[in-house]
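Below is one structure; the comments refer to it alone.
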Amino acid sequence: MTAIRSVVLGCGSYLPQQILTNAELAARIDTSDEWIVQRTGIHERRIAAAGELTSHMAVRAAQAALTHARVDAQSIDLVVLATSTPDNTFPASAVAVQADLGITRGAAFDLQAVCSGFVYALATADALLKSGAFTRALVIGSETFSRILDWTDRGTCVLFGDGAGAVVLEAQQQPGTREDRGILTTQLRSDGRHKMKLYVDGGPSSTGTVGHLRMEGREVFRHAVAMITDVVEDAFKATGYTAADVDWFIPHQANKRIIDGSAHKLGIPPGKIVVTVDRHGNTSAASIPLALADAVADRRIKRGDLLLFEAMGGGFTWGAALARW
Ligand code: UT7
């Protein structure tokens, strides 16, 4: 029995020019390169320029993905932008992206699931493509977390960075087996009992301000590996695959210790993990497509490879996806 699958036609990414190193942070606040590297694996992160907005970076990543996919922006009828740092409270930054790309048909909207945003956006676009309502989608993760950080809080400001990544998905008829190309399963989870462990202390209906990111880092860390590995196991169950079948593990890039701990528990060897947290920091919803674009650009990922994505973040939200490249 054939099935409609969301096949990845191409991917792309964008990083702002300014690099902020651990040494520069250590000159401003009470921290050290040694502490940051040892606890997180982060060496540097990018910071958006003055006037450089989430939608601007999203457009650059989307253009790179369209070029890589060899398709025209006009052929896109769905734009899903995962972000927790939109240009404005409304309209959705996705419509700014749509307008900048010259797309005037279909639908565009933002999706907010913090660091799990890209996996949530992938699942949403996949469902809409499979429904037959849309044919070609841009799924983007773009974040300017530098704008919501409290730069005096050493427990959080050293962790995050700015950037954007995007993929082009197309609804294609496939044989309907687990060997199909495209997204094979998506698994989404959330548990709002943890909502105050990683949050922003402002918003339109509470304070009327944007607010700053607040986090109980140790609490997030405590839950991360178990939540990630549980949802990945569910993705394996849904497809009949196991960790041994995974060619590339492309995790949300929050912390090298969380990535390594999850991979170890799942039984995925270090050589199959795509790591960018050392250069990008945690770019929230942008981290997975940024890492994907890196491993595609240097030709690590090849046609037919089985890719495992996972993320966990504020909410808590978490999720996983398996896709064949
Ligand atoms: O997408 C999800 C997003 N969030 C995350 O992934 C965060 C998950 N959590 C983590 O990655 C870790 O909890 C952190 C990296 C945030 C912190 O590492 P930790 O090993 O859990 O450290 P901690 O919070 O238990 O703090 C240990 C010590 C504290 O000092 P005392 O109380 O032991 O004297 C902190 O004040 O480290 C201190 N500390 C720092 N020292 C130097 C906290 N931040 C810093 C810093 N530089 N930047």
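Letters A, B, ... go to the chains of the structure tokens in the order shown; residues in each chain start at 1; ligands are counted from 1 in the same order.
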
Stretch 157-234 of chain A: residues DSSP assigns to strand (DSSP E or B), reported as a ChimeraX atom specification: /A:160,162-174,182-190,198-200,213-215

Check stretch 97-302 of chain A with DSSP on the backbone and list each residue it calls alpha helix (DSSP H), as a PyMOL selection string. chain A and resi 97-100+117-130+154-157+217-239+256-266+277-280+287-297

What would the file look like if the residues just selected were written as a PDB file, in the first residue's frame with C-alpha atoms?
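The result, written out as selection-v5.pdb:
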ATOM      1  CA  VAL A  97       9.460  35.318   5.741  1.00  0.00           C
ATOM      2  CA  GLN A  98       6.673  34.525   3.280  1.00  0.00           C
ATOM      3  CA  ALA A  99       6.586  38.148   2.082  1.00  0.00           C
ATOM      4  CA  ASP A 100      10.388  38.445   1.809  1.00  0.00           C
ATOM      5  CA  GLY A 117      10.234  23.733  18.157  1.00  0.00           C
ATOM      6  CA  PHE A 118      11.887  22.226  15.101  1.00  0.00           C
ATOM      7  CA  VAL A 119      10.703  18.685  15.874  1.00  0.00           C
ATOM      8  CA  TYR A 120       7.191  20.045  16.548  1.00  0.00           C
ATOM      9  CA  ALA A 121       7.293  22.035  13.290  1.00  0.00           C
ATOM     10  CA  LEU A 122       8.506  18.994  11.359  1.00  0.00           C
ATOM     11  CA  ALA A 123       5.649  16.904  12.793  1.00  0.00           C
ATOM     12  CA  THR A 124       3.090  19.628  12.005  1.00  0.00           C
ATOM     13  CA  ALA A 125       4.265  20.158   8.435  1.00  0.00           C
ATOM     14  CA  ASP A 126       4.464  16.385   7.916  1.00  0.00           C
ATOM     15  CA  ALA A 127       0.839  15.952   9.046  1.00  0.00           C
ATOM     16  CA  LEU A 128      -0.369  18.819   6.828  1.00  0.00           C
ATOM     17  CA  LEU A 129       1.510  17.467   3.803  1.00  0.00           C
ATOM     18  CA  LYS A 130       0.209  13.941   4.388  1.00  0.00           C
ATOM     19  CA  ARG A 154      26.021  33.454  34.296  1.00  0.00           C
ATOM     20  CA  GLY A 155      23.822  30.379  34.749  1.00  0.00           C
ATOM     21  CA  THR A 156      22.034  31.051  31.448  1.00  0.00           C
ATOM     22  CA  CYS A 157      23.768  33.684  29.291  1.00  0.00           C
ATOM     23  CA  GLY A 217      19.571  24.317  34.869  1.00  0.00           C
ATOM     24  CA  ARG A 218      20.148  21.379  37.158  1.00  0.00           C
ATOM     25  CA  GLU A 219      16.419  20.429  37.020  1.00  0.00           C
ATOM     26  CA  VAL A 220      16.375  20.581  33.213  1.00  0.00           C
ATOM     27  CA  PHE A 221      19.522  18.492  33.101  1.00  0.00           C
ATOM     28  CA  ARG A 222      18.053  15.937  35.539  1.00  0.00           C
ATOM     29  CA  HIS A 223      15.064  15.200  33.267  1.00  0.00           C
ATOM     30  CA  ALA A 224      16.677  15.614  29.858  1.00  0.00           C
ATOM     31  CA  VAL A 225      18.330  12.252  29.162  1.00  0.00           C
ATOM     32  CA  ALA A 226      15.375  10.142  30.373  1.00  0.00           C
ATOM     33  CA  MET A 227      12.806  12.158  28.413  1.00  0.00           C
ATOM     34  CA  ILE A 228      14.918  12.124  25.252  1.00  0.00           C
ATOM     35  CA  THR A 229      15.677   8.411  25.351  1.00  0.00           C
ATOM     36  CA  ASP A 230      12.022   7.498  26.128  1.00  0.00           C
ATOM     37  CA  VAL A 231      10.656   9.394  23.144  1.00  0.00           C
ATOM     38  CA  VAL A 232      13.394   8.052  20.856  1.00  0.00           C
ATOM     39  CA  GLU A 233      12.517   4.506  21.955  1.00  0.00           C
ATOM     40  CA  ASP A 234       8.893   5.290  20.981  1.00  0.00           C
ATOM     41  CA  ALA A 235      10.107   6.412  17.538  1.00  0.00           C
ATOM     42  CA  PHE A 236      11.995   3.111  17.211  1.00  0.00           C
ATOM     43  CA  LYS A 237       8.893   1.147  18.268  1.00  0.00           C
ATOM     44  CA  ALA A 238       6.741   3.007  15.719  1.00  0.00           C
ATOM     45  CA  THR A 239       9.042   2.030  12.845  1.00  0.00           C
ATOM     46  CA  LYS A 256      27.397  18.147  25.014  1.00  0.00           C
ATOM     47  CA  ARG A 257      26.852  16.194  28.245  1.00  0.00           C
ATOM     48  CA  ILE A 258      23.133  15.735  27.501  1.00  0.00           C
ATOM     49  CA  ILE A 259      23.905  14.716  23.898  1.00  0.00           C
ATOM     50  CA  ASP A 260      26.569  12.210  24.944  1.00  0.00           C
ATOM     51  CA  GLY A 261      24.463  10.860  27.833  1.00  0.00           C
ATOM     52  CA  SER A 262      21.465  10.295  25.537  1.00  0.00           C
ATOM     53  CA  ALA A 263      23.556   8.675  22.793  1.00  0.00           C
ATOM     54  CA  HIS A 264      25.265   6.414  25.322  1.00  0.00           C
ATOM     55  CA  LYS A 265      21.946   5.292  26.835  1.00  0.00           C
ATOM     56  CA  LEU A 266      20.503   4.644  23.370  1.00  0.00           C
ATOM     57  CA  VAL A 277      27.036  22.925  20.156  1.00  0.00           C
ATOM     58  CA  ASP A 278      30.761  23.676  20.484  1.00  0.00           C
ATOM     59  CA  ARG A 279      30.504  26.380  17.773  1.00  0.00           C
ATOM     60  CA  HIS A 280      26.825  27.416  17.948  1.00  0.00           C
ATOM     61  CA  SER A 287      19.857  23.933  16.468  1.00  0.00           C
ATOM     62  CA  ILE A 288      18.685  20.766  14.671  1.00  0.00           C
ATOM     63  CA  PRO A 289      18.404  22.257  11.156  1.00  0.00           C
ATOM     64  CA  LEU A 290      21.736  24.057  11.715  1.00  0.00           C
ATOM     65  CA  ALA A 291      23.393  20.743  12.625  1.00  0.00           C
ATOM     66  CA  LEU A 292      21.666  18.959   9.732  1.00  0.00           C
ATOM     67  CA  ALA A 293      22.868  21.567   7.230  1.00  0.00           C
ATOM     68  CA  ASP A 294      26.421  21.213   8.567  1.00  0.00           C
ATOM     69  CA  ALA A 295      26.501  17.442   8.111  1.00  0.00           C
ATOM     70  CA  VAL A 296      24.890  17.674   4.664  1.00  0.00           C
ATOM     71  CA  ALA A 297      27.301  20.405   3.523  1.00  0.00           C
TER      72      ALA A 297
END

So which residues touch A:Leu25 within 10 Å, counting only C-alpha atoms, skipping near sequence neighbours fewer than 4 positions away, as a PyMOL selection string? chain A and resi 20-21+29-33+36+44+151+154+157-158

Do you know which residues are at most 10 Å from A:Thr89 counting only C-alpha atoms, after dropping those on the same chain fewer than 3 positions away, and could you put them as a ChimeraX atom specification? /A:85-86,92-93,203-204,210

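If you measure from each of A:Ala23, A:Val7, A:Leu198, A:Ala82 to A:Gly314 using only C-alpha atoms, the closest one turns out to be A:Leu198.
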
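For the choices A:Asp305, A:Glu310, A:Asp247, A:Asp87, the atom-to-atom distance to A:Arg147 is smallest for A:Asp87 when using only C-alpha atoms.
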
Just want the 6 Å neighbourhood of stretch 270-276 of chain A, counted on only C-alpha atoms, with same-chain residues fewer than 6 positions away dropped. Output as an MDAnalysis selection string. chainID A and resid 248:250 291

Given the selection you just returned, output its residues as a file containing N, CA, C and O atoms, formatted as a PDB file, in the first residue's frame.
ATOM      1  N   TRP A 248      22.785   8.613  11.272  1.00  0.00           N
ATOM      2  CA  TRP A 248      23.203   9.865  11.893  1.00  0.00           C
ATOM      3  C   TRP A 248      22.213  10.295  12.946  1.00  0.00           C
ATOM      4  O   TRP A 248      21.009  10.345  12.700  1.00  0.00           O
ATOM      5  N   PHE A 249      22.745  10.589  14.123  1.00  0.00           N
ATOM      6  CA  PHE A 249      21.961  11.103  15.251  1.00  0.00           C
ATOM      7  C   PHE A 249      22.160  12.614  15.266  1.00  0.00           C
ATOM      8  O   PHE A 249      23.298  13.091  15.404  1.00  0.00           O
ATOM      9  N   ILE A 250      21.048  13.350  15.055  1.00  0.00           N
ATOM     10  CA  ILE A 250      21.128  14.813  14.965  1.00  0.00           C
ATOM     11  C   ILE A 250      20.282  15.408  16.089  1.00  0.00           C
ATOM     12  O   ILE A 250      19.109  15.740  15.905  1.00  0.00           O
ATOM     13  N   ALA A 291      22.509  21.923  12.576  1.00  0.00           N
ATOM     14  CA  ALA A 291      23.393  20.743  12.625  1.00  0.00           C
ATOM     15  C   ALA A 291      23.210  19.896  11.371  1.00  0.00           C
ATOM     16  O   ALA A 291      24.188  19.400  10.787  1.00  0.00           O
TER      17      ALA A 291
END

Write out as an MDAnalysis selection string which residues come within 9 Å of A:Thr83 when counting only C-alpha atoms, dropping same-chain ones fewer than 6 positions away. chainID A and resid 54 93 110:115 117:118 140:144 284:286

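Taking atom CA of A:Arg28 and atom CA of A:Arg45 as the two end points, the separation is 15.4 Å.
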
List the neighbours of A:Ile268 out to 8 Å using only C-alpha atoms; skip same-chain residues closer than 6 positions along the sequence, and give me the result as a VMD selection string. chain A and resid 243 to 244 246 249
